[in-house]
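Engineer: query29.txt is the file, holding compact mmCIF, C-alpha atoms:
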```txt
# COMPACT_ATOMS: atom_id res chain seq x y z
CA MET A 15 -39.05 0.19 -4.03
CA SER A 16 -35.28 0.25 -3.46
CA GLN A 17 -33.75 -2.91 -1.99
CA ALA A 18 -30.54 -1.10 -0.99
CA ARG A 19 -29.14 -1.60 2.49
CA PRO A 20 -29.29 1.41 4.82
CA ASP A 21 -25.92 3.08 5.24
CA LYS A 22 -24.42 3.87 8.60
CA PRO A 23 -21.45 6.07 9.46
CA PHE A 24 -18.00 4.68 10.20
CA VAL A 25 -17.42 5.52 13.86
CA ILE A 26 -14.28 4.72 15.84
CA ALA A 27 -13.93 5.73 19.50
CA GLY A 28 -16.82 8.18 19.18
CA ARG A 29 -15.49 9.94 16.09
CA THR A 30 -17.06 9.68 12.64
CA TYR A 31 -14.80 9.25 9.61
CA GLN A 32 -15.62 9.76 5.95
CA SER A 33 -12.87 7.49 4.63
CA ARG A 34 -13.09 3.75 5.26
CA LEU A 35 -9.48 3.23 4.25
CA LEU A 36 -6.82 3.10 6.98
CA VAL A 37 -3.17 3.06 5.95
CA GLY A 38 0.21 2.30 7.45
CA THR A 39 3.42 4.29 7.25
CA GLY A 40 6.12 1.63 6.86
CA LYS A 41 8.10 0.34 3.86
CA TYR A 42 8.14 3.56 1.83
CA ARG A 43 11.36 4.88 0.27
CA ASP A 44 11.30 8.05 2.35
CA LEU A 45 9.03 10.32 4.34
CA GLU A 46 8.08 12.38 1.28
CA GLU A 47 6.76 9.32 -0.55
CA THR A 48 4.92 8.37 2.63
CA ARG A 49 3.25 11.76 2.73
CA LEU A 50 2.25 11.79 -0.93
CA ALA A 51 0.86 8.24 -0.94
CA ILE A 52 -1.21 8.80 2.18
CA GLU A 53 -2.58 12.06 0.80
CA ALA A 54 -3.55 10.28 -2.43
CA SER A 55 -5.33 7.52 -0.48
CA GLY A 56 -7.69 9.97 1.21
CA ALA A 57 -7.21 8.08 4.50
CA GLU A 58 -7.99 9.86 7.75
CA ILE A 59 -6.58 7.25 10.13
CA VAL A 60 -2.88 6.45 9.84
CA THR A 61 -1.32 3.62 11.83
CA VAL A 62 2.24 3.82 13.13
CA ALA A 63 4.51 1.10 14.53
CA VAL A 64 5.67 2.65 17.80
CA ARG A 65 8.65 0.29 18.15
CA ARG A 66 9.96 1.12 14.66
CA THR A 67 9.02 4.75 14.09
CA ASN A 68 10.28 7.97 15.63
CA LEU A 69 7.36 9.93 17.06
CA GLY A 70 9.62 12.22 19.04
CA GLN A 71 11.23 9.66 21.33
CA ASN A 72 14.51 9.96 19.37
CA PRO A 73 15.50 13.66 19.26
CA GLY A 74 17.57 14.63 16.25
CA GLU A 75 16.13 11.92 13.98
CA PRO A 76 13.45 12.46 11.31
CA ASN A 77 10.05 12.55 13.01
CA LEU A 78 7.09 11.02 11.16
CA LEU A 79 4.76 13.55 12.76
CA ASP A 80 6.53 16.30 10.81
CA VAL A 81 4.94 14.98 7.58
CA ILE A 82 1.88 13.17 8.97
CA SER A 83 0.36 15.83 11.14
CA PRO A 84 -1.83 14.78 14.11
CA GLU A 85 -3.90 17.87 13.34
CA ARG A 86 -4.86 16.41 9.96
CA TYR A 87 -4.84 12.66 10.67
CA THR A 88 -5.85 10.42 13.53
CA ILE A 89 -2.61 8.71 14.52
CA LEU A 90 -3.24 5.07 15.39
CA PRO A 91 -0.20 3.65 17.22
CA ASN A 92 0.24 -0.08 16.84
CA THR A 93 2.22 -2.77 18.62
CA ALA A 94 3.84 -4.33 15.54
CA GLY A 95 6.90 -6.33 16.54
CA CYS A 96 5.48 -7.44 19.89
CA PHE A 97 5.37 -11.16 20.62
CA ASP A 98 3.76 -11.29 24.08
CA ALA A 99 1.10 -9.45 26.05
CA VAL A 100 3.50 -7.72 28.45
CA GLU A 101 5.49 -6.20 25.58
CA ALA A 102 2.33 -5.07 23.78
CA VAL A 103 0.86 -3.41 26.86
CA ARG A 104 4.14 -1.60 27.53
CA THR A 105 4.23 -0.34 23.95
CA CYS A 106 0.66 1.00 24.16
CA ARG A 107 1.46 2.87 27.34
CA LEU A 108 4.53 4.41 25.69
CA ALA A 109 2.38 5.48 22.74
CA ARG A 110 -0.09 7.16 25.08
CA GLU A 111 2.75 9.19 26.59
CA LEU A 112 4.13 10.19 23.18
CA LEU A 113 0.70 11.20 21.85
CA ASP A 114 -0.41 13.37 24.76
CA GLY A 115 -2.60 10.85 26.52
CA ARG A 116 -4.62 9.58 23.56
CA ASN A 117 -6.11 6.17 24.22
CA LEU A 118 -6.73 4.85 20.70
CA VAL A 119 -4.39 1.96 19.84
CA LYS A 120 -4.12 -0.95 17.45
CA LEU A 121 -3.18 -4.11 19.31
CA GLU A 122 -1.28 -6.82 17.48
CA VAL A 123 0.63 -9.61 19.18
CA LEU A 124 2.47 -11.85 16.76
CA ALA A 125 3.20 -15.55 17.03
CA ASP A 126 6.45 -15.78 15.05
CA GLN A 127 8.65 -13.94 12.57
CA LYS A 128 7.96 -16.28 9.64
CA THR A 129 4.18 -15.98 9.40
CA LEU A 130 3.45 -12.89 11.51
CA PHE A 131 0.23 -14.70 12.37
CA PRO A 132 -1.51 -13.34 15.48
CA ASN A 133 -0.91 -15.09 18.79
CA VAL A 134 -4.53 -15.11 19.89
CA ILE A 135 -3.80 -16.26 23.45
CA GLU A 136 -1.44 -13.35 24.12
CA THR A 137 -3.75 -11.01 22.21
CA LEU A 138 -6.65 -11.86 24.52
CA LYS A 139 -4.45 -11.31 27.59
CA ALA A 140 -3.25 -7.93 26.35
CA ALA A 141 -6.73 -6.82 25.32
CA GLU A 142 -8.10 -7.46 28.81
CA VAL A 143 -5.35 -5.37 30.42
CA LEU A 144 -5.60 -2.51 27.94
CA VAL A 145 -9.39 -2.22 28.11
CA LYS A 146 -9.23 -2.11 31.91
CA ASP A 147 -6.53 0.56 31.59
CA GLY A 148 -8.85 2.81 29.60
CA PHE A 149 -7.53 2.21 26.10
CA ASP A 150 -9.75 2.17 23.00
CA VAL A 151 -8.48 -1.05 21.46
CA MET A 152 -8.69 -1.94 17.79
CA VAL A 153 -7.33 -5.47 17.56
CA TYR A 154 -5.59 -7.47 14.84
CA THR A 155 -6.66 -11.09 15.03
CA SER A 156 -7.09 -14.33 13.15
CA ASP A 157 -10.21 -14.97 11.05
CA ASP A 158 -11.59 -17.23 13.80
CA PRO A 159 -15.18 -16.08 14.52
CA ILE A 160 -15.01 -17.31 18.13
CA ILE A 161 -11.89 -15.28 18.92
CA ALA A 162 -13.39 -12.23 17.22
CA ARG A 163 -16.49 -12.59 19.37
CA GLN A 164 -14.42 -12.91 22.56
CA LEU A 165 -12.38 -9.81 21.76
CA ALA A 166 -15.56 -7.79 21.26
CA GLU A 167 -16.94 -9.13 24.53
CA ILE A 168 -13.76 -8.05 26.34
CA GLY A 169 -14.46 -4.51 25.16
CA CYS A 170 -12.36 -3.98 22.03
CA ILE A 171 -13.93 -1.25 19.92
CA ALA A 172 -13.09 -2.92 16.57
CA VAL A 173 -11.92 -6.35 15.46
CA MET A 174 -9.49 -6.60 12.56
CA PRO A 175 -9.25 -10.14 11.15
CA LEU A 176 -6.57 -10.84 8.58
CA ALA A 177 -7.51 -11.50 4.97
CA GLY A 178 -4.12 -13.10 4.33
CA LEU A 179 -0.74 -13.10 6.02
CA ILE A 180 0.86 -9.68 6.53
CA GLY A 181 2.70 -8.44 3.46
CA THR A 182 1.77 -11.37 1.20
CA GLY A 183 -0.74 -9.62 -1.05
CA LEU A 184 -2.71 -12.87 -1.34
CA GLY A 185 -6.07 -11.13 -1.00
CA ILE A 186 -9.13 -12.54 0.77
CA CYS A 187 -8.06 -16.12 1.52
CA ASN A 188 -11.13 -17.17 3.52
CA PRO A 189 -14.21 -15.06 2.75
CA TYR A 190 -16.48 -17.57 4.52
CA ASN A 191 -14.97 -17.00 7.96
CA LEU A 192 -15.13 -13.26 7.39
CA ARG A 193 -18.82 -13.57 6.56
CA ILE A 194 -19.47 -15.35 9.86
CA ILE A 195 -17.55 -12.67 11.78
CA LEU A 196 -19.56 -9.98 10.01
CA GLU A 197 -22.89 -11.69 10.74
CA GLU A 198 -22.11 -11.78 14.47
CA ALA A 199 -20.38 -8.40 14.72
CA ARG A 200 -21.42 -5.91 17.38
CA VAL A 201 -18.41 -3.67 16.71
CA PRO A 202 -16.82 -2.49 13.45
CA VAL A 203 -14.99 -5.19 11.47
CA LEU A 204 -11.96 -4.17 9.41
CA VAL A 205 -9.91 -6.39 7.15
CA ASP A 206 -6.29 -6.05 8.20
CA ALA A 207 -3.42 -7.64 6.23
CA GLY A 208 -3.31 -9.57 2.96
CA VAL A 209 -4.65 -6.96 0.54
CA GLY A 210 -2.50 -6.81 -2.59
CA THR A 211 -4.39 -4.67 -5.08
CA ALA A 212 -7.52 -2.59 -5.50
CA SER A 213 -9.83 -5.51 -6.30
CA ASP A 214 -8.93 -7.17 -2.97
CA ALA A 215 -10.04 -4.06 -1.12
CA THR A 216 -13.25 -3.91 -3.12
CA ILE A 217 -14.06 -7.55 -2.33
CA ALA A 218 -13.53 -6.91 1.40
CA MET A 219 -15.97 -4.02 1.27
CA GLU A 220 -18.48 -6.00 -0.84
CA LEU A 221 -18.51 -8.63 1.91
CA GLY A 222 -19.73 -5.91 4.27
CA CYS A 223 -16.56 -4.94 6.12
CA ASP A 224 -16.69 -1.53 7.73
CA ALA A 225 -13.22 -0.58 6.52
CA VAL A 226 -9.86 -1.93 5.34
CA LEU A 227 -6.39 -1.31 6.71
CA MET A 228 -3.36 -1.77 4.47
CA ASN A 229 0.29 -0.83 4.12
CA SER A 230 2.30 -3.13 1.83
CA ALA A 231 -0.25 -3.01 -1.00
CA ILE A 232 0.42 0.71 -1.39
CA ALA A 233 4.04 0.99 -0.26
CA HIS A 234 5.27 -1.94 -2.41
CA ALA A 235 3.37 -0.91 -5.54
CA GLY A 236 5.35 0.24 -8.57
CA ASP A 237 3.84 3.70 -8.03
CA PRO A 238 2.70 4.02 -4.39
CA VAL A 239 1.04 7.39 -4.94
CA LEU A 240 -1.04 6.10 -7.83
CA MET A 241 -1.92 2.94 -5.90
CA GLY A 242 -2.98 5.05 -2.93
CA ALA A 243 -5.46 6.82 -5.21
CA ALA A 244 -6.62 3.48 -6.63
CA MET A 245 -7.30 2.16 -3.15
CA GLN A 246 -9.41 5.18 -2.30
CA HIS A 247 -11.69 4.46 -5.27
CA ALA A 248 -11.71 0.72 -4.58
CA ILE A 249 -12.99 1.21 -1.04
CA ILE A 250 -15.73 3.56 -2.22
CA ALA A 251 -16.78 1.23 -5.04
CA GLY A 252 -16.92 -1.80 -2.74
CA ARG A 253 -18.96 0.02 -0.12
CA LEU A 254 -21.46 1.30 -2.68
CA ALA A 255 -21.78 -2.17 -4.23
CA TRP A 256 -22.48 -3.70 -0.81
CA LEU A 257 -25.09 -1.05 -0.07
CA ALA A 258 -26.72 -1.53 -3.46
CA GLY A 259 -26.81 -5.33 -3.25
CA ARG A 260 -25.49 -7.41 -6.12
CA MET A 261 -27.71 -9.18 -8.62
CA PRO A 262 -28.37 -12.88 -7.94
CA LYS A 263 -26.13 -15.39 -9.67
CA LYS A 264 -27.84 -17.62 -12.23
CA LEU A 265 -26.80 -20.74 -14.08
CA TYR A 266 -28.32 -19.72 -17.43
CA ALA A 267 -28.46 -16.54 -19.46
CA SER A 268 -31.03 -13.85 -18.91
CA ALA A 269 -31.40 -11.28 -21.69
CA SER A 270 -30.84 -7.66 -20.76
CA SER A 271 -33.73 -6.73 -23.05
CA PRO A 272 -36.95 -8.79 -22.96
CA LEU A 273 -37.83 -10.80 -26.06
CA GLU A 274 -41.59 -10.46 -25.69
CA GLY A 275 -43.18 -7.93 -27.99
CA THR A 276 -40.23 -7.66 -30.34
CA LEU A 277 -40.76 -7.09 -34.06
CA SER A 278 -40.63 -10.24 -36.21
```
Take the structure I supplied and represent it as structure tokens, if you would.
Structural biologist:
Amino acid sequence: MSQARPDKPFVIAGRTYQSRLLVGTGKYRDLEETRLAIEASGAEIVTVAVRRTNLGQNPGEPNLLDVISPERYTILPNTAGCFDAVEAVRTCRLARELLDGRNLVKLEVLADQKTLFPNVIETLKAAEVLVKDGFDVMVYTSDDPIIARQLAEIGCIAVMPLAGLIGTGLGICNPYNLRIILEEARVPVLVDAGVGTASDATIAMELGCDAVLMNSAIAHAGDPVLMGAAMQHAIIAGRLAWLAGRMPKKLYASASSPLEGTLS
């Protein structure tokens, strides 16, 4: 009898996605590299920093939506660069205007420029306002299980604890807190920030995360297009390994082939 876990679809705001990899659009050399890397990743949800990216608010400048089509991808506007709740709420409302009334947003409220660690107090304030205003809020947060629980209780549709500080590539710094968040989760849990290479993404998925969001790990790679493809496979491998269930760890050896009944 199989001991595999039952699979369940990855659903965000009522829509089912095949890919469990979400990617950002910043830090690439140009829009063409952005397009190619995202295509190679197989991602279906693409996050965009509204305060740093032209989505049509600056006529005459290159528009990201010309290469990342909203007809092909779900555009997830984020509030990167916001340092208080008021600023974050204003940015989400601007995004809704630019994207024809779509309510899906990624909320992130940062504490300072040096660490880019989430300001959880301002994040909670902004989340309450946005949920009441009809937004579907995916929220970047610390790896504090209590804060993650509170954000879900407010009505956020996904919680996105960091694995490591944004852009550091340090990987999963505290898997134990992530495990607690996952045990208590009533909404999808996505690792957001800290992934540096494919094995980091696989570990996040092996822990049981529903998905992983990344930007720097692909954009800062020596070959972003190749790394985008690597990340697609890493996410799939990690998900399958979690579903299958790993073998138990043992202190001593256990032969792959039994010794009983062997010829002497």
Engineer: Which residues are close to Phe131 (chain A), i.e. within 9 Å by only C-alpha atoms, leaving aside same-chain residues fewer than 5 positions away? Reply as a list in words.
Structural biologist: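 Within the cut-off, the hits are Val123, Leu124, Ala125, Asp126, Thr155, Ser156, Leu176, Leu179 and Ile180 of chain A.
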Engineer: Please report the interatomic distance between CA of Thr137 (chain A) and CA of Tyr154 (chain A) in Å with one decimal.
Structural biologist: 8.4 Å
Engineer: Give me, as an MDAnalysis selection string, all polymer residues having an atom no more than 10 Å from Arg49 (chain A), counting all atoms listed in the file and skipping those fewer than 2 positions away in the same chain.
Structural biologist: chainID A and resid 39 42 44:47 51:54 78 80:83 239
Engineer: Using only C-alpha atoms, which residues of region 103-135 of chain A come within 12 Å of region 183-207 of chain A, and what is the closest atom pair for each, with the distance in Å to one decimal? Give it as a tab-separated table, sorted by chain and residue number.
Structural biologist:
```
residue	atom	partner	partner_atom	distance
A:Lys120	CA	A:Asp206	CA	10.8
A:Leu121	CA	A:Asp206	CA	11.7
A:Glu122	CA	A:Asp206	CA	10.6
A:Thr129	CA	A:Ala207	CA	11.7
A:Leu130	CA	A:Ala207	CA	10.1
A:Phe131	CA	A:Ala207	CA	10.0
A:Pro132	CA	A:Ala207	CA	11.0
```
Engineer: So, with all atoms listed in the file as the atoms that count, which of A:Leu254, A:Glu142, A:Gln246, A:Thr182 lies closest to Ala231 (chain A)?
Structural biologist: A:Thr182
Engineer: Could you state the separation of CA of Val64 (chain A) and CA of Asn92 (chain A) in Å, given to one decimal place?
Structural biologist: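 Here the two named atoms are 6.2 Å from each other.
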Engineer: Quick one: residues within 6 Å of Thr61 (chain A), only C-alpha atoms counted, chain neighbours fewer than 6 positions away excluded, as a list in words?
Structural biologist: Gly38, Ile89, Leu90 and Pro91 of chain A
Engineer: Here is a test: counting only C-alpha atoms, which residue of A:Tyr31, A:Ala141, A:Pro73, A:Gly40 is nearest to Tyr87 (chain A)?
Structural biologist: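 The shortest atom-to-atom distance to Tyr87 (chain A) comes from A:Tyr31.
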Engineer: Which residue out of A:Lys139, A:Arg260, A:Lys146, A:His247 has the minimum interatomic distance to Leu35 (chain A) when all atoms listed in the file are used?
Structural biologist: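 Between A:Lys139, A:Arg260, A:Lys146, A:His247, the residue approaching Leu35 (chain A) most closely is A:His247.
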Engineer: Using only C-alpha atoms, pick whichever of A:Pro20, A:Gly181, A:Gly28, A:Gly252 has the shortest atom-to-atom distance to Ala233 (chain A).
Structural biologist: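 Closest to Ala233 (chain A), using only C-alpha atoms: A:Gly181.
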Engineer: Rounded to one decimal in Å, what is the spacing between CA of Gly115 (chain A) and CA of Ile171 (chain A)?
Structural biologist: 17.8 Å
Engineer: Please produce region 24-55 of chain A, completed to N, CA and C atoms, as a short mmCIF file (atom, residue, chain, number, x, y, z; two decimals), keeping the file's coordinate frame.
Structural biologist:
```cif
data_model
loop_
_atom_site.label_atom_id
_atom_site.label_comp_id
_atom_site.auth_asym_id
_atom_site.auth_seq_id
_atom_site.Cartn_x
_atom_site.Cartn_y
_atom_site.Cartn_z
N PHE A 24 -19.14 5.41 9.68
CA PHE A 24 -18.00 4.68 10.20
C PHE A 24 -17.50 5.43 11.43
N VAL A 25 -17.74 4.85 12.58
CA VAL A 25 -17.42 5.52 13.86
C VAL A 25 -16.40 4.69 14.62
N ILE A 26 -15.32 5.34 15.03
CA ILE A 26 -14.28 4.72 15.84
C ILE A 26 -14.03 5.59 17.05
N ALA A 27 -14.17 5.02 18.24
CA ALA A 27 -13.93 5.73 19.50
C ALA A 27 -14.70 7.05 19.56
N GLY A 28 -15.95 7.02 19.09
CA GLY A 28 -16.82 8.18 19.18
C GLY A 28 -16.64 9.22 18.09
N ARG A 29 -15.73 8.98 17.17
CA ARG A 29 -15.49 9.94 16.09
C ARG A 29 -15.90 9.34 14.76
N THR A 30 -16.59 10.14 13.94
CA THR A 30 -17.06 9.68 12.64
C THR A 30 -16.04 10.04 11.56
N TYR A 31 -15.75 9.05 10.69
CA TYR A 31 -14.80 9.25 9.61
C TYR A 31 -15.50 9.07 8.26
N GLN A 32 -15.07 9.87 7.30
CA GLN A 32 -15.62 9.76 5.95
C GLN A 32 -14.93 8.65 5.17
N SER A 33 -13.62 8.52 5.34
CA SER A 33 -12.87 7.49 4.63
C SER A 33 -12.92 6.18 5.40
N ARG A 34 -13.11 5.09 4.66
CA ARG A 34 -13.09 3.75 5.26
C ARG A 34 -11.79 3.02 4.92
N LEU A 35 -10.79 3.77 4.52
CA LEU A 35 -9.48 3.23 4.25
C LEU A 35 -8.51 3.73 5.32
N LEU A 36 -7.85 2.79 6.00
CA LEU A 36 -6.82 3.10 6.98
C LEU A 36 -5.49 2.63 6.39
N VAL A 37 -4.45 3.41 6.58
CA VAL A 37 -3.17 3.06 5.95
C VAL A 37 -2.03 3.11 6.96
N GLY A 38 -0.99 2.32 6.65
CA GLY A 38 0.21 2.30 7.45
C GLY A 38 1.27 3.23 6.89
N THR A 39 2.37 3.34 7.61
CA THR A 39 3.42 4.29 7.25
C THR A 39 4.77 3.63 6.99
N GLY A 40 4.85 2.31 7.05
CA GLY A 40 6.12 1.63 6.86
C GLY A 40 6.39 1.28 5.42
N LYS A 41 7.66 0.95 5.13
CA LYS A 41 8.10 0.34 3.86
C LYS A 41 8.19 1.31 2.69
N TYR A 42 7.97 2.59 2.91
CA TYR A 42 8.14 3.56 1.83
C TYR A 42 9.61 3.93 1.68
N ARG A 43 9.96 4.51 0.53
CA ARG A 43 11.36 4.88 0.27
C ARG A 43 11.83 5.99 1.20
N ASP A 44 10.95 6.94 1.48
CA ASP A 44 11.30 8.05 2.35
C ASP A 44 10.02 8.70 2.86
N LEU A 45 10.18 9.67 3.73
CA LEU A 45 9.03 10.32 4.34
C LEU A 45 8.19 11.10 3.32
N GLU A 46 8.83 11.63 2.29
CA GLU A 46 8.08 12.38 1.28
C GLU A 46 7.15 11.45 0.50
N GLU A 47 7.63 10.28 0.13
CA GLU A 47 6.76 9.32 -0.55
C GLU A 47 5.64 8.88 0.38
N THR A 48 5.95 8.71 1.64
CA THR A 48 4.92 8.37 2.63
C THR A 48 3.82 9.42 2.63
N ARG A 49 4.22 10.67 2.70
CA ARG A 49 3.25 11.76 2.73
C ARG A 49 2.37 11.79 1.49
N LEU A 50 2.99 11.68 0.33
CA LEU A 50 2.25 11.79 -0.93
C LEU A 50 1.28 10.62 -1.11
N ALA A 51 1.72 9.41 -0.78
CA ALA A 51 0.86 8.24 -0.94
C ALA A 51 -0.34 8.30 -0.01
N ILE A 52 -0.10 8.73 1.22
CA ILE A 52 -1.21 8.80 2.18
C ILE A 52 -2.19 9.89 1.77
N GLU A 53 -1.68 11.01 1.30
CA GLU A 53 -2.58 12.06 0.80
C GLU A 53 -3.44 11.54 -0.34
N ALA A 54 -2.82 10.80 -1.27
CA ALA A 54 -3.55 10.28 -2.43
C ALA A 54 -4.61 9.27 -2.03
N SER A 55 -4.39 8.55 -0.93
CA SER A 55 -5.33 7.52 -0.48
C SER A 55 -6.61 8.10 0.11
#
```
